[in-house]
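Q: Hey, dropping target35.csv in here, CSV, C-alpha atoms:
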chain,number,residue,atom,x,y,z
W,1,MET,CA,-86.3,69.5,-139.0
W,2,ASN,CA,-82.7,70.0,-140.2
W,3,LEU,CA,-81.6,73.5,-139.0
W,4,ASP,CA,-78.4,73.2,-141.0
W,5,THR,CA,-80.5,73.2,-144.2
W,6,HIS,CA,-83.0,75.8,-143.0
W,7,GLY,CA,-81.5,78.4,-140.8
W,8,PRO,CA,-83.7,79.8,-137.9
W,9,GLY,CA,-85.7,82.9,-138.8
W,10,ARG,CA,-86.0,86.0,-136.6
W,11,LEU,CA,-89.2,87.4,-135.3
W,12,VAL,CA,-90.0,90.9,-134.0
W,13,LYS,CA,-92.3,90.9,-131.0
W,14,ALA,CA,-95.7,92.6,-131.1
W,15,PRO,CA,-95.8,96.1,-129.7
W,16,GLU,CA,-96.6,95.9,-126.0
W,17,ASN,CA,-97.2,99.5,-124.9
W,18,PHE,CA,-98.4,101.2,-128.0
W,19,LEU,CA,-100.8,103.5,-126.1
W,20,ASP,CA,-99.6,106.1,-123.5
W,21,THR,CA,-101.9,107.8,-120.9
W,22,ALA,CA,-103.0,110.6,-123.3
W,23,ASP,CA,-103.7,108.0,-126.1
W,24,VAL,CA,-105.9,106.0,-123.7
W,25,ARG,CA,-108.0,109.2,-123.0
W,26,ARG,CA,-108.5,109.7,-126.7
W,27,VAL,CA,-109.8,106.2,-127.1
W,28,MET,CA,-112.1,106.5,-124.1
W,29,SER,CA,-113.6,109.7,-125.6
W,30,GLY,CA,-114.7,107.7,-128.7
W,31,ARG,CA,-111.7,107.6,-131.0
W,32,ARG,CA,-111.8,103.8,-131.4
W,33,ASP,CA,-110.1,104.1,-134.9
W,34,PHE,CA,-107.1,105.6,-133.1
W,35,LEU,CA,-106.3,102.1,-131.7
W,36,ARG,CA,-105.4,100.7,-135.0
W,37,GLN,CA,-103.4,103.8,-136.1
W,38,ALA,CA,-101.3,103.8,-132.9
W,39,PHE,CA,-100.7,100.1,-133.2
W,40,VAL,CA,-99.4,100.4,-136.8
W,41,ALA,CA,-97.1,103.2,-135.8
W,42,ALA,CA,-95.7,101.3,-132.9
W,43,GLY,CA,-95.2,98.2,-135.0
W,44,THR,CA,-93.3,100.3,-137.6
W,45,THR,CA,-91.0,101.7,-135.0
W,46,GLY,CA,-90.3,98.3,-133.5
W,47,ALA,CA,-89.5,96.8,-136.9
W,48,ALA,CA,-87.1,99.6,-137.7
W,49,ALA,CA,-85.2,99.0,-134.5
W,50,VAL,CA,-84.8,95.3,-135.2
W,51,LEU,CA,-83.8,96.0,-138.8
W,52,SER,CA,-81.1,98.3,-137.4
W,53,SER,CA,-79.8,95.4,-135.2
W,54,LYS,CA,-79.9,93.3,-138.4
W,55,VAL,CA,-77.5,95.6,-140.1
W,56,GLN,CA,-75.2,95.5,-137.0
W,57,ALA,CA,-75.2,91.8,-137.1
W,58,ALA,CA,-74.4,91.8,-140.8
W,59,THR,CA,-71.5,94.1,-140.1
W,60,ALA,CA,-70.2,91.7,-137.5
W,61,VAL,CA,-70.3,88.8,-140.0
W,62,SER,CA,-68.4,90.9,-142.6
W,63,GLY,CA,-65.3,90.8,-140.4
W,64,GLN,CA,-65.5,93.5,-137.8
W,65,GLY,CA,-66.7,91.1,-135.1
W,66,ASP,CA,-69.5,91.1,-132.6
W,67,SER,CA,-68.8,93.4,-129.7
W,68,ASN,CA,-71.1,91.3,-127.5
W,69,ILE,CA,-68.6,88.5,-127.9
W,70,LEU,CA,-65.3,90.3,-128.2
W,71,GLU,CA,-65.9,92.6,-125.2
W,72,LEU,CA,-66.4,90.9,-121.9
W,73,PRO,CA,-69.8,91.8,-120.3
W,74,ALA,CA,-69.9,93.4,-116.9
W,75,HIS,CA,-71.4,90.3,-115.2
W,76,THR,CA,-68.2,88.4,-116.0
W,77,LYS,CA,-65.9,90.9,-114.4
W,78,GLY,CA,-67.4,91.7,-111.1
W,79,LEU,CA,-69.9,90.8,-108.3
W,80,GLY,CA,-73.6,91.1,-108.9
W,81,GLN,CA,-76.3,92.4,-106.6
W,82,PRO,CA,-76.7,91.0,-103.1
W,83,VAL,CA,-79.5,88.6,-102.1
W,84,VAL,CA,-82.8,89.9,-101.0
W,85,THR,CA,-82.4,93.2,-102.9
W,86,ASP,CA,-86.2,92.9,-103.1
W,87,GLY,CA,-88.1,91.1,-100.4
W,88,TYR,CA,-90.5,89.8,-103.1
W,89,GLY,CA,-89.0,89.0,-106.5
W,90,LYS,CA,-89.9,90.9,-109.6
W,91,PRO,CA,-89.3,90.5,-113.3
W,92,SER,CA,-86.2,91.6,-115.1
W,93,GLN,CA,-86.0,95.1,-116.3
W,94,PHE,CA,-85.7,93.7,-119.8
W,95,GLU,CA,-89.2,92.2,-119.4
W,96,ILE,CA,-90.9,95.4,-118.2
W,97,ASN,CA,-93.2,95.7,-121.2
W,98,VAL,CA,-94.6,92.2,-120.7
W,99,GLN,CA,-97.7,93.3,-118.7
W,100,ARG,CA,-101.4,92.8,-118.3
W,101,ARG,CA,-103.2,95.5,-120.3
W,102,GLN,CA,-106.6,97.0,-120.4
W,103,SER,CA,-108.5,97.5,-123.6
W,104,PRO,CA,-109.3,101.2,-123.7
W,105,GLY,CA,-113.0,101.9,-124.5
W,106,LEU,CA,-114.1,98.4,-123.8
W,107,THR,CA,-115.9,99.4,-120.6
W,108,GLN,CA,-117.0,102.7,-119.1
W,109,THR,CA,-115.3,102.3,-115.8
W,110,THR,CA,-112.0,100.7,-114.7
W,111,GLN,CA,-113.7,98.9,-111.8
W,112,SER,CA,-115.9,96.9,-114.1
W,113,SER,CA,-113.3,96.0,-116.7
W,114,VAL,CA,-110.8,93.5,-118.0
W,115,SER,CA,-107.0,93.2,-118.0
W,116,PHE,CA,-105.6,90.9,-120.7
W,117,ALA,CA,-102.7,88.4,-120.2
W,118,PRO,CA,-99.8,88.8,-122.7
W,119,LEU,CA,-100.1,85.3,-124.2
W,120,GLN,CA,-97.8,86.1,-127.1
W,121,SER,CA,-94.9,86.7,-124.7
W,122,MET,CA,-95.2,83.6,-122.6
W,123,PHE,CA,-93.7,80.1,-122.8
W,124,GLY,CA,-95.0,76.9,-121.2
W,125,ILE,CA,-98.5,76.7,-119.8
W,126,VAL,CA,-98.4,78.4,-116.3
W,127,THR,CA,-99.2,82.1,-116.2
W,128,PRO,CA,-97.1,84.1,-113.7
W,129,SER,CA,-99.4,85.4,-111.0
W,130,GLY,CA,-98.6,89.0,-111.8
W,131,LEU,CA,-99.7,88.5,-115.4
W,132,HIS,CA,-103.0,86.5,-114.7
W,133,PHE,CA,-105.9,88.2,-116.5
W,134,GLU,CA,-108.5,90.0,-114.5
W,135,ARG,CA,-112.3,90.4,-114.9
W,136,HIS,CA,-114.0,92.5,-112.2
W,137,HIS,CA,-117.6,93.7,-112.1
W,138,GLN,CA,-117.3,96.0,-109.0
W,139,GLY,CA,-113.5,96.4,-108.7
W,140,TRP,CA,-111.2,94.3,-106.3
W,141,TRP,CA,-110.4,94.5,-102.7
W,142,ASP,CA,-107.4,93.4,-100.6
W,143,VAL,CA,-109.3,91.5,-97.9
W,144,ASP,CA,-107.9,90.9,-94.5
W,145,PRO,CA,-107.9,87.1,-94.1
W,146,SER,CA,-108.4,87.3,-90.4
W,147,LYS,CA,-111.7,89.0,-90.9
W,148,HIS,CA,-112.9,86.8,-93.8
W,149,ARG,CA,-115.8,84.4,-93.1
W,150,LEU,CA,-117.3,81.6,-95.2
W,151,MET,CA,-121.0,81.0,-94.4
W,152,VAL,CA,-122.8,77.9,-95.5
W,153,ASN,CA,-126.6,77.8,-95.4
W,154,GLY,CA,-129.5,76.8,-97.7
W,155,SER,CA,-132.4,78.4,-99.5
W,156,ASP,CA,-134.5,75.7,-97.8
W,157,PRO,CA,-133.4,74.8,-94.3
W,158,SER,CA,-134.2,71.1,-95.0
W,159,LEU,CA,-131.3,71.0,-97.6
W,160,LEU,CA,-128.7,70.8,-94.9
W,161,LYS,CA,-128.4,69.6,-91.3
W,162,ALA,CA,-126.6,72.7,-89.9
W,163,ALA,CA,-125.6,76.1,-91.2
W,164,ARG,CA,-122.0,76.9,-90.4
W,165,VAL,CA,-119.5,79.7,-90.5
W,166,PHE,CA,-115.8,79.0,-91.2
W,167,THR,CA,-112.9,81.3,-90.5
W,168,MET,CA,-109.9,81.3,-92.8
W,169,ASP,CA,-107.8,79.6,-90.2
W,170,GLU,CA,-110.4,76.8,-89.9
W,171,LEU,CA,-110.4,76.3,-93.6
W,172,MET,CA,-106.6,76.2,-93.8
W,173,ARG,CA,-106.6,73.3,-91.3
W,174,LEU,CA,-108.9,71.1,-93.6
W,175,PRO,CA,-107.4,68.6,-96.1
W,176,SER,CA,-106.4,70.4,-99.3
W,177,VAL,CA,-105.6,69.5,-102.9
W,178,SER,CA,-103.5,71.1,-105.6
W,179,ARG,CA,-104.5,71.1,-109.3
W,180,PHE,CA,-103.4,72.9,-112.5
W,181,HIS,CA,-106.4,74.4,-114.4
W,182,PHE,CA,-107.1,77.2,-116.8
W,183,ILE,CA,-109.5,80.0,-116.2
W,184,GLU,CA,-111.2,81.7,-119.2
W,185,CYS,CA,-113.7,84.5,-119.2
W,186,GLY,CA,-116.9,83.6,-121.1
W,187,ALA,CA,-116.4,86.8,-123.1
W,188,ASN,CA,-112.8,85.8,-124.3
W,189,THR,CA,-112.6,86.6,-128.0
W,190,GLY,CA,-116.1,88.2,-127.7
W,191,MET,CA,-115.0,91.3,-129.6
W,192,GLU,CA,-114.4,89.1,-132.7
W,193,TRP,CA,-117.9,87.7,-133.2
W,194,GLY,CA,-118.9,90.1,-136.0
W,195,ASN,CA,-115.5,90.7,-137.6
W,196,VAL,CA,-111.8,91.5,-136.8
W,197,ALA,CA,-111.7,94.0,-133.9
W,198,VAL,CA,-108.3,93.9,-132.2
W,199,PRO,CA,-104.7,93.4,-133.5
W,200,THR,CA,-102.8,91.0,-131.2
W,201,CYS,CA,-103.2,87.7,-129.4
W,202,GLN,CA,-103.2,89.5,-126.1
W,203,TYR,CA,-106.5,91.2,-127.0
W,204,THR,CA,-108.1,88.4,-129.0
W,205,HIS,CA,-107.5,85.6,-126.4
W,206,GLY,CA,-105.9,87.2,-123.4
W,207,MET,CA,-108.9,86.7,-121.0
W,208,LEU,CA,-107.2,83.3,-120.3
W,209,SER,CA,-104.7,82.1,-117.8
W,210,CYS,CA,-103.5,78.9,-116.2
W,211,SER,CA,-102.3,78.4,-112.6
W,212,GLU,CA,-101.7,75.9,-109.9
W,213,PHE,CA,-104.6,76.2,-107.4
W,214,THR,CA,-104.5,74.8,-103.9
W,215,GLY,CA,-107.6,74.7,-101.7
W,216,VAL,CA,-110.1,72.7,-99.8
W,217,PRO,CA,-112.6,70.8,-102.0
W,218,LEU,CA,-116.1,72.2,-101.6
W,219,ARG,CA,-117.4,68.7,-101.1
W,220,ILE,CA,-115.6,68.5,-97.7
W,221,VAL,CA,-117.2,71.8,-96.5
W,222,LEU,CA,-120.7,70.7,-97.7
W,223,ASP,CA,-120.3,67.3,-96.0
W,224,MET,CA,-119.4,69.0,-92.7
W,225,CYS,CA,-122.7,70.9,-92.9
W,226,GLY,CA,-124.7,67.8,-93.9
W,227,VAL,CA,-125.8,69.1,-97.3
W,228,ASP,CA,-128.3,66.8,-99.1
W,229,LEU,CA,-126.4,66.6,-102.4
W,230,ARG,CA,-129.2,64.9,-104.2
W,231,ARG,CA,-131.5,67.9,-103.8
W,232,ALA,CA,-129.0,70.7,-103.4
W,233,ARG,CA,-127.8,70.9,-107.0
W,234,PHE,CA,-126.9,74.7,-107.1
W,235,VAL,CA,-124.5,76.8,-105.1
W,236,LEU,CA,-124.5,80.5,-104.6
W,237,ALA,CA,-121.5,82.1,-103.0
W,238,GLU,CA,-121.0,82.6,-100.1
W,239,VAL,CA,-122.2,79.6,-99.8
W,240,GLU,CA,-125.9,79.0,-100.2
W,241,VAL,CA,-127.2,75.7,-101.6
W,242,GLY,CA,-130.4,75.5,-103.5
W,243,ASP,CA,-132.5,73.1,-105.6
W,244,LYS,CA,-133.0,75.5,-108.5
W,245,PRO,CA,-131.1,78.2,-110.3
W,246,TYR,CA,-130.9,81.5,-108.5
W,247,ALA,CA,-131.4,83.8,-111.6
W,248,SER,CA,-129.0,86.3,-110.2
W,249,LYS,CA,-128.0,89.5,-112.1
W,250,ASP,CA,-125.1,88.0,-114.1
W,251,GLU,CA,-127.1,84.8,-114.9
W,252,THR,CA,-130.0,86.8,-116.5
W,253,ILE,CA,-128.5,90.1,-117.8
W,254,HIS,CA,-124.9,89.0,-118.6
W,255,TYR,CA,-123.4,85.6,-119.6
W,256,VAL,CA,-126.3,84.6,-121.7
W,257,ASP,CA,-126.0,83.7,-125.4
W,258,LEU,CA,-128.2,85.5,-127.9
W,259,MET,CA,-129.2,82.9,-130.5
W,260,PRO,CA,-130.1,83.5,-134.2
W,261,ASP,CA,-133.9,83.1,-133.4
W,262,GLY,CA,-133.8,85.9,-130.8
W,263,ARG,CA,-133.9,83.6,-127.8
W,264,HIS,CA,-131.3,83.8,-125.0
W,265,ARG,CA,-129.4,80.6,-124.0
W,266,GLN,CA,-128.7,80.5,-120.3
W,267,TYR,CA,-126.4,78.5,-117.9
W,268,THR,CA,-123.7,77.7,-120.5
W,269,SER,CA,-120.9,77.2,-118.0
W,270,ILE,CA,-118.6,74.9,-120.0
W,271,GLN,CA,-115.8,76.5,-121.9
W,272,GLU,CA,-115.6,74.5,-125.1
W,273,CYS,CA,-112.4,73.2,-126.8
W,274,LYS,CA,-110.3,76.0,-128.2
W,275,SER,CA,-106.8,76.9,-129.3
W,276,VAL,CA,-104.7,79.8,-130.6
W,277,ILE,CA,-101.3,80.2,-132.2
W,278,THR,CA,-99.3,82.6,-130.1
W,279,THR,CA,-96.2,82.7,-132.3
W,280,PRO,CA,-96.3,83.9,-135.0
W,281,SER,CA,-99.3,86.0,-134.2
W,282,GLY,CA,-100.8,89.4,-134.7
W,283,GLY,CA,-98.4,92.4,-134.5
W,284,GLN,CA,-95.3,90.2,-134.8
W,285,VAL,CA,-93.0,90.5,-137.8
W,286,LEU,CA,-91.0,87.7,-139.5
W,287,LEU,CA,-87.7,89.2,-140.7
W,288,ASP,CA,-86.3,86.2,-142.6
W,289,LYS,CA,-87.3,83.2,-144.6
W,290,GLY,CA,-86.4,80.0,-142.9
W,291,PHE,CA,-87.3,77.8,-139.9
W,292,TYR,CA,-89.8,78.9,-137.3
W,293,SER,CA,-91.5,76.9,-134.5
W,294,ILE,CA,-95.2,77.6,-134.7
W,295,SER,CA,-96.4,77.5,-131.1
W,296,GLY,CA,-99.6,78.0,-129.3
W,297,LEU,CA,-102.1,77.0,-126.5
W,298,ALA,CA,-105.0,74.6,-126.5
W,299,TRP,CA,-107.6,73.9,-123.8
W,300,SER,CA,-111.0,72.4,-123.1
W,301,GLY,CA,-113.5,72.6,-120.3
W,302,ARG,CA,-114.5,69.0,-121.0
W,303,GLY,CA,-111.2,67.4,-120.2
W,304,LYS,CA,-107.9,66.8,-121.8
W,305,VAL,CA,-106.8,68.1,-125.2
W,306,LYS,CA,-106.3,65.0,-127.4
W,307,ARG,CA,-104.8,66.6,-130.6
W,308,VAL,CA,-104.1,69.9,-132.2
W,309,ASP,CA,-103.9,70.4,-136.0
W,310,VAL,CA,-102.1,73.3,-137.7
W,311,SER,CA,-102.7,74.7,-141.1
W,312,VAL,CA,-100.6,77.2,-143.1
W,313,ASP,CA,-103.1,77.5,-146.0
W,314,GLY,CA,-106.2,78.7,-144.3
W,315,GLY,CA,-107.6,75.2,-143.4
W,316,ARG,CA,-107.2,73.4,-146.7
W,317,ASN,CA,-104.6,71.1,-145.4
W,318,TRP,CA,-103.7,70.2,-141.8
W,319,ARG,CA,-100.7,68.8,-140.0
W,320,THR,CA,-100.7,67.3,-136.5
W,321,ALA,CA,-98.8,69.4,-134.0
W,322,GLN,CA,-96.7,68.0,-131.2
W,323,LEU,CA,-98.2,68.4,-127.7
W,324,GLY,CA,-95.9,69.5,-124.9
W,325,SER,CA,-96.1,67.6,-121.7
W,326,PRO,CA,-97.7,67.5,-119.3
W,327,VAL,CA,-101.2,67.2,-120.8
W,328,MET,CA,-103.7,67.6,-118.0
W,329,SER,CA,-107.5,67.8,-117.7
W,330,LYS,CA,-109.0,71.3,-118.0
W,331,CYS,CA,-105.6,72.8,-118.3
W,332,LEU,CA,-103.7,74.7,-120.9
W,333,THR,CA,-101.7,72.5,-123.3
W,334,ARG,CA,-98.7,73.8,-125.3
W,335,PHE,CA,-98.4,72.7,-128.9
W,336,SER,CA,-95.8,73.3,-131.5
W,337,LEU,CA,-95.0,72.5,-135.2
W,338,ASP,CA,-91.8,72.9,-137.2
W,339,TRP,CA,-92.3,75.2,-140.2
W,340,VAL,CA,-90.2,76.7,-142.9
W,341,TRP,CA,-91.4,80.0,-144.3
W,342,ASP,CA,-90.6,80.6,-147.9
W,343,GLY,CA,-91.5,84.3,-147.9
W,344,LYS,CA,-94.9,83.9,-149.4
W,345,PRO,CA,-98.2,84.9,-147.7
W,346,VAL,CA,-99.7,82.2,-145.5
W,347,LEU,CA,-102.8,81.8,-143.4
W,348,LEU,CA,-102.0,80.2,-140.0
W,349,GLN,CA,-104.6,78.4,-138.1
W,350,SER,CA,-104.9,75.8,-135.2
W,351,ARG,CA,-107.7,73.4,-134.5
W,352,ALA,CA,-108.0,71.6,-131.2
W,353,ILE,CA,-109.7,68.3,-130.5
W,354,ASP,CA,-110.5,67.1,-127.0
W,355,GLU,CA,-110.8,63.7,-125.4
W,356,THR,CA,-114.6,63.7,-126.0
W,357,GLY,CA,-114.1,63.9,-129.7
W,358,TYR,CA,-115.3,67.6,-129.9
W,359,VAL,CA,-113.6,69.5,-132.7
W,360,GLN,CA,-113.0,73.2,-132.5
W,361,PRO,CA,-115.2,74.9,-135.2
W,362,ASN,CA,-114.3,77.5,-137.8
W,363,TYR,CA,-116.3,80.7,-137.9
W,364,LYS,CA,-118.6,79.5,-140.6
W,365,GLN,CA,-119.6,76.4,-138.6
W,366,LEU,CA,-119.9,78.4,-135.3
W,367,ARG,CA,-122.0,81.2,-136.8
W,368,ALA,CA,-124.3,78.6,-138.5
W,369,VAL,CA,-125.4,77.6,-135.0
W,370,ARG,CA,-124.9,80.7,-132.9
W,371,GLY,CA,-125.3,83.6,-135.4
W,372,THR,CA,-123.2,86.9,-135.2
W,373,ARG,CA,-124.9,88.8,-132.4
W,374,SER,CA,-123.5,86.9,-129.5
W,375,ILE,CA,-120.7,87.9,-127.0
W,376,TYR,CA,-119.8,84.8,-125.0
W,377,HIS,CA,-118.3,81.4,-125.8
W,378,ASN,CA,-116.6,82.3,-129.1
W,379,ASN,CA,-114.3,79.3,-129.6
W,380,ALA,CA,-113.8,79.6,-133.4
W,381,VAL,CA,-110.6,78.9,-135.2
W,382,GLN,CA,-108.3,81.9,-135.2
W,383,THR,CA,-106.5,83.0,-138.4
W,384,TRP,CA,-103.3,84.9,-138.6
W,385,LEU,CA,-102.2,86.3,-142.0
W,386,VAL,CA,-98.4,86.3,-142.6
W,387,GLN,CA,-97.9,88.8,-145.3
W,388,GLU,CA,-95.0,88.8,-147.8
W,389,SER,CA,-93.4,91.6,-145.8
W,390,GLY,CA,-93.4,89.3,-142.8
W,391,GLU,CA,-96.0,91.3,-140.9
W,392,VAL,CA,-98.6,89.2,-139.1
W,393,LYS,CA,-102.3,90.4,-139.0
W,394,ASN,CA,-105.5,89.3,-137.5
W,395,VAL,CA,-108.0,88.2,-140.2
W,396,GLN,CA,-111.1,86.1,-140.5
W,397,LEU,CA,-112.1,83.6,-143.2
W,398,SER,CA,-115.8,83.4,-143.9
Show me, as structure tokens, the structure contained in the file I just sent.

A:
Amino acid sequence: MNLDTHGPGRLVKAPENFLDTADVRRVMSGRRDFLRQAFVAAGTTGAAAVLSSKVQAATAVSGQGDSNILELPAHTKGLGQPVVTDGYGKPSQFEINVQRRQSPGLTQTTQSSVSFAPLQSMFGIVTPSGLHFERHHQGWWDVDPSKHRLMVNGSDPSLLKAARVFTMDELMRLPSVSRFHFIECGANTGMEWGNVAVPTCQYTHGMLSCSEFTGVPLRIVLDMCGVDLRRARFVLAEVEVGDKPYASKDETIHYVDLMPDGRHRQYTSIQECKSVITTPSGGQVLLDKGFYSISGLAWSGRGKVKRVDVSVDGGRNWRTAQLGSPVMSKCLTRFSLDWVWDGKPVLLQSRAIDETGYVQPNYKQLRAVRGTRSIYHNNAVQTWLVQESGEVKNVQLS
């Protein structure tokens, strides 16, 4: 891509904090339509601010100069803050709006709820720990590690040689491994099964994060207890091994897939191949014609992402995107594609293919198998409509 021929376009970020405390209470009371109205208002305000800066930039080009260049900034004329101002580092004040956010009205209590990661504001593949999405059923606790115990037993005593209890210190002395993996809630994109429900990438796909995890392989602990791995094929934390499913609450009431014939499909633990374009995405605004880098994330619970295709015409034609390195198994993979926007409406889509040959389906293909009344494992192709005004909206193609 020759940037001398096609100048880089400018993009307005999606509104981050478009609901204050009073607004959240209004949504929780049943005003779900208020979400969209508040989002539109916030987007208009943000665009106006950027348009104002656009006028200032034009003034600078006209001959008056850019004060950010002509006037030396404070950090070039004095000493900065001392080391260890904060014992634990925190983000810049200019990133204060990049936060996990709850979806008001999604659940009745905050203890059994979700916080969504701001995927549209991230680069690379690793999610900062403070922005990792959350899904809790009974709230969370700050557990004292000195009092934590890991107990290993069996539903049938013959499944292992000896039940054991491990302290955290004992576990920390065992051999450990480090791996990069994604974690995705089974209900990620679940609000979109029937139709468009939420405006931004944070809410459509934000129950997803990727981190480096370090820990003791479960196999080591099971071997220390003499577990018969041929018979003990199921594990129930904290940790009980068994030879059949436990049919616990979340296996029978939640995390089951309602199929078109009325039956429930259980034990669907694999997160299928999926992708989403994070830039440009819902709520953002393209200010100029010109060059943009379409960027997004792809992942598969079956292994490595092999290829990602991108379409700018709603899936009629596809171009192969570039995969950023590293590409690791069961880990987020960053993809990008050079693109020149001519100012006309476009439909942006991405389609991931993993190393097993599985191809991410569109909504028509997915609904033909799964119907429209499900909640979990929605891995359909996401569509963003870039309007002639530059505004980007969440849409679905049937």

Q: So that I can see what lies close to Gln322 (chain W), please list as a list of chain:residue names the residues with an atom at most 8 Å from it, counting only C-alpha atoms and leaving out residues fewer than 3 positions away in the same chain.

A: W:Val308, W:Phe335, W:Ser336, W:Leu337

Q: Suppose you want the space between CA of Phe94 (chain W) and CA of Ser121 (chain W); what is it in Å?

A: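 We find that CA of Phe94 (chain W) and CA of Ser121 (chain W) lie 12.6 Å from each other.
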
Q: I'd like to know which of W:Ile270, W:Ala232, W:Ile125, W:Ile375 is closest to Ser325 (chain W), using all atoms listed in the file.

A: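 Distance minimum relative to Ser325 (chain W) lands on W:Ile125.
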
Q: For Arg373 (chain W), which of W:Ser158, W:Ser329, W:Ser311, W:Asn195 is the closest residue, counting all atoms listed in the file?

A: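 That would be W:Asn195, the residue with the smallest distance to Arg373 (chain W).
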
Q: Using only C-alpha atoms for the distances, tell me which of W:Gly242, W:Gly9, W:Pro118, W:Gly324 is nearest to Ile96 (chain W).

A: W:Pro118

Q: In Å, rounded to a single decimal, give me how far CA of Thr279 (chain W) is from CA of Gly7 (chain W).

A: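 Interatomic distance, CA of Gly7 (chain W) to CA of Thr279 (chain W): 17.5 Å.
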
Q: Taking a cut-off of 10 Å and counting all atoms listed in the file, can you build a table that, for each residue of region 151-243 of chain W near region 299-307 of chain W, reports the nearest atom pair and how far apart they are in Å (one decimal), sorted by chain then residue number, as a Markdown table?

A:
| residue | atom | partner | partner_atom | distance |
| --- | --- | --- | --- | --- |
| W:His181 | CA | W:Gly301 | CA | 9.4 |
| W:Phe182 | CA | W:Trp299 | CA | 7.8 |
| W:Ile183 | CA | W:Gly301 | CA | 9.4 |
| W:Glu184 | CA | W:Gly301 | CA | 9.5 |
| W:Cys210 | CA | W:Trp299 | CA | 10.0 |

Q: Of the candidates W:Thr85, W:Gln120, W:Thr372, W:Thr107, which shows the shortest atom-to-atom distance to Pro280 (chain W), using all atoms listed in the file?

A: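 Result for the nearest residue to Pro280 (chain W): W:Gln120.
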
Q: Choose the residue, out of W:His137, W:His75, W:Arg230, W:Arg334, that has the smallest atom-to-atom separation from Thr278 (chain W); count all atoms listed in the file.

A: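 Smallest separation from Thr278 (chain W) among the options: W:Arg334.
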
Q: With all atoms listed in the file as the atoms that count, which of W:Gln365, W:Gln138, W:Gln382, W:Asn97 lies nearest to Ala14 (chain W)?

A: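 Closest residue, counting all atoms listed in the file: W:Asn97.
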
Q: If we count only C-alpha atoms and set the cut-off at 7 Å, which residues sit around Gly343 (chain W), ignoring sequence neighbours fewer than 2 positions away in its own chain? Please answer as number ranges by chain.

A: W: 289, 341, 345, 388

Q: Go ahead and compute the interatomic distance for CA of Leu208 (chain W) and CA of Gln349 (chain W), in Å to one decimal.

A: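 Distance reported for this atom pair: 18.6 Å.
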
Q: Find the spatial neighbours of Thr383 (chain W), counting only C-alpha atoms, within a cut-off of 10 Å - ignore same-chain residues fewer than 2 positions away - and output them as an mmCIF file with C-alpha atoms, in the coordinates of the input.

A:
data_model
loop_
_atom_site.group_PDB
_atom_site.id
_atom_site.type_symbol
_atom_site.label_atom_id
_atom_site.label_comp_id
_atom_site.auth_asym_id
_atom_site.auth_seq_id
_atom_site.Cartn_x
_atom_site.Cartn_y
_atom_site.Cartn_z
ATOM 1 C CA VAL W 276 -104.700 79.800 -130.600
ATOM 2 C CA ILE W 277 -101.300 80.200 -132.200
ATOM 3 C CA SER W 281 -99.300 86.000 -134.200
ATOM 4 C CA GLY W 282 -100.800 89.400 -134.700
ATOM 5 C CA SER W 311 -102.700 74.700 -141.100
ATOM 6 C CA VAL W 312 -100.600 77.200 -143.100
ATOM 7 C CA ASP W 313 -103.100 77.500 -146.000
ATOM 8 C CA GLY W 314 -106.200 78.700 -144.300
ATOM 9 C CA GLY W 315 -107.600 75.200 -143.400
ATOM 10 C CA VAL W 346 -99.700 82.200 -145.500
ATOM 11 C CA LEU W 347 -102.800 81.800 -143.400
ATOM 12 C CA LEU W 348 -102.000 80.200 -140.000
ATOM 13 C CA GLN W 349 -104.600 78.400 -138.100
ATOM 14 C CA SER W 350 -104.900 75.800 -135.200
ATOM 15 C CA ASN W 362 -114.300 77.500 -137.800
ATOM 16 C CA ALA W 380 -113.800 79.600 -133.400
ATOM 17 C CA VAL W 381 -110.600 78.900 -135.200
ATOM 18 C CA LEU W 385 -102.200 86.300 -142.000
ATOM 19 C CA VAL W 386 -98.400 86.300 -142.600
ATOM 20 C CA LYS W 393 -102.300 90.400 -139.000
ATOM 21 C CA ASN W 394 -105.500 89.300 -137.500
ATOM 22 C CA VAL W 395 -108.000 88.200 -140.200
ATOM 23 C CA GLN W 396 -111.100 86.100 -140.500
ATOM 24 C CA LEU W 397 -112.100 83.600 -143.200
#
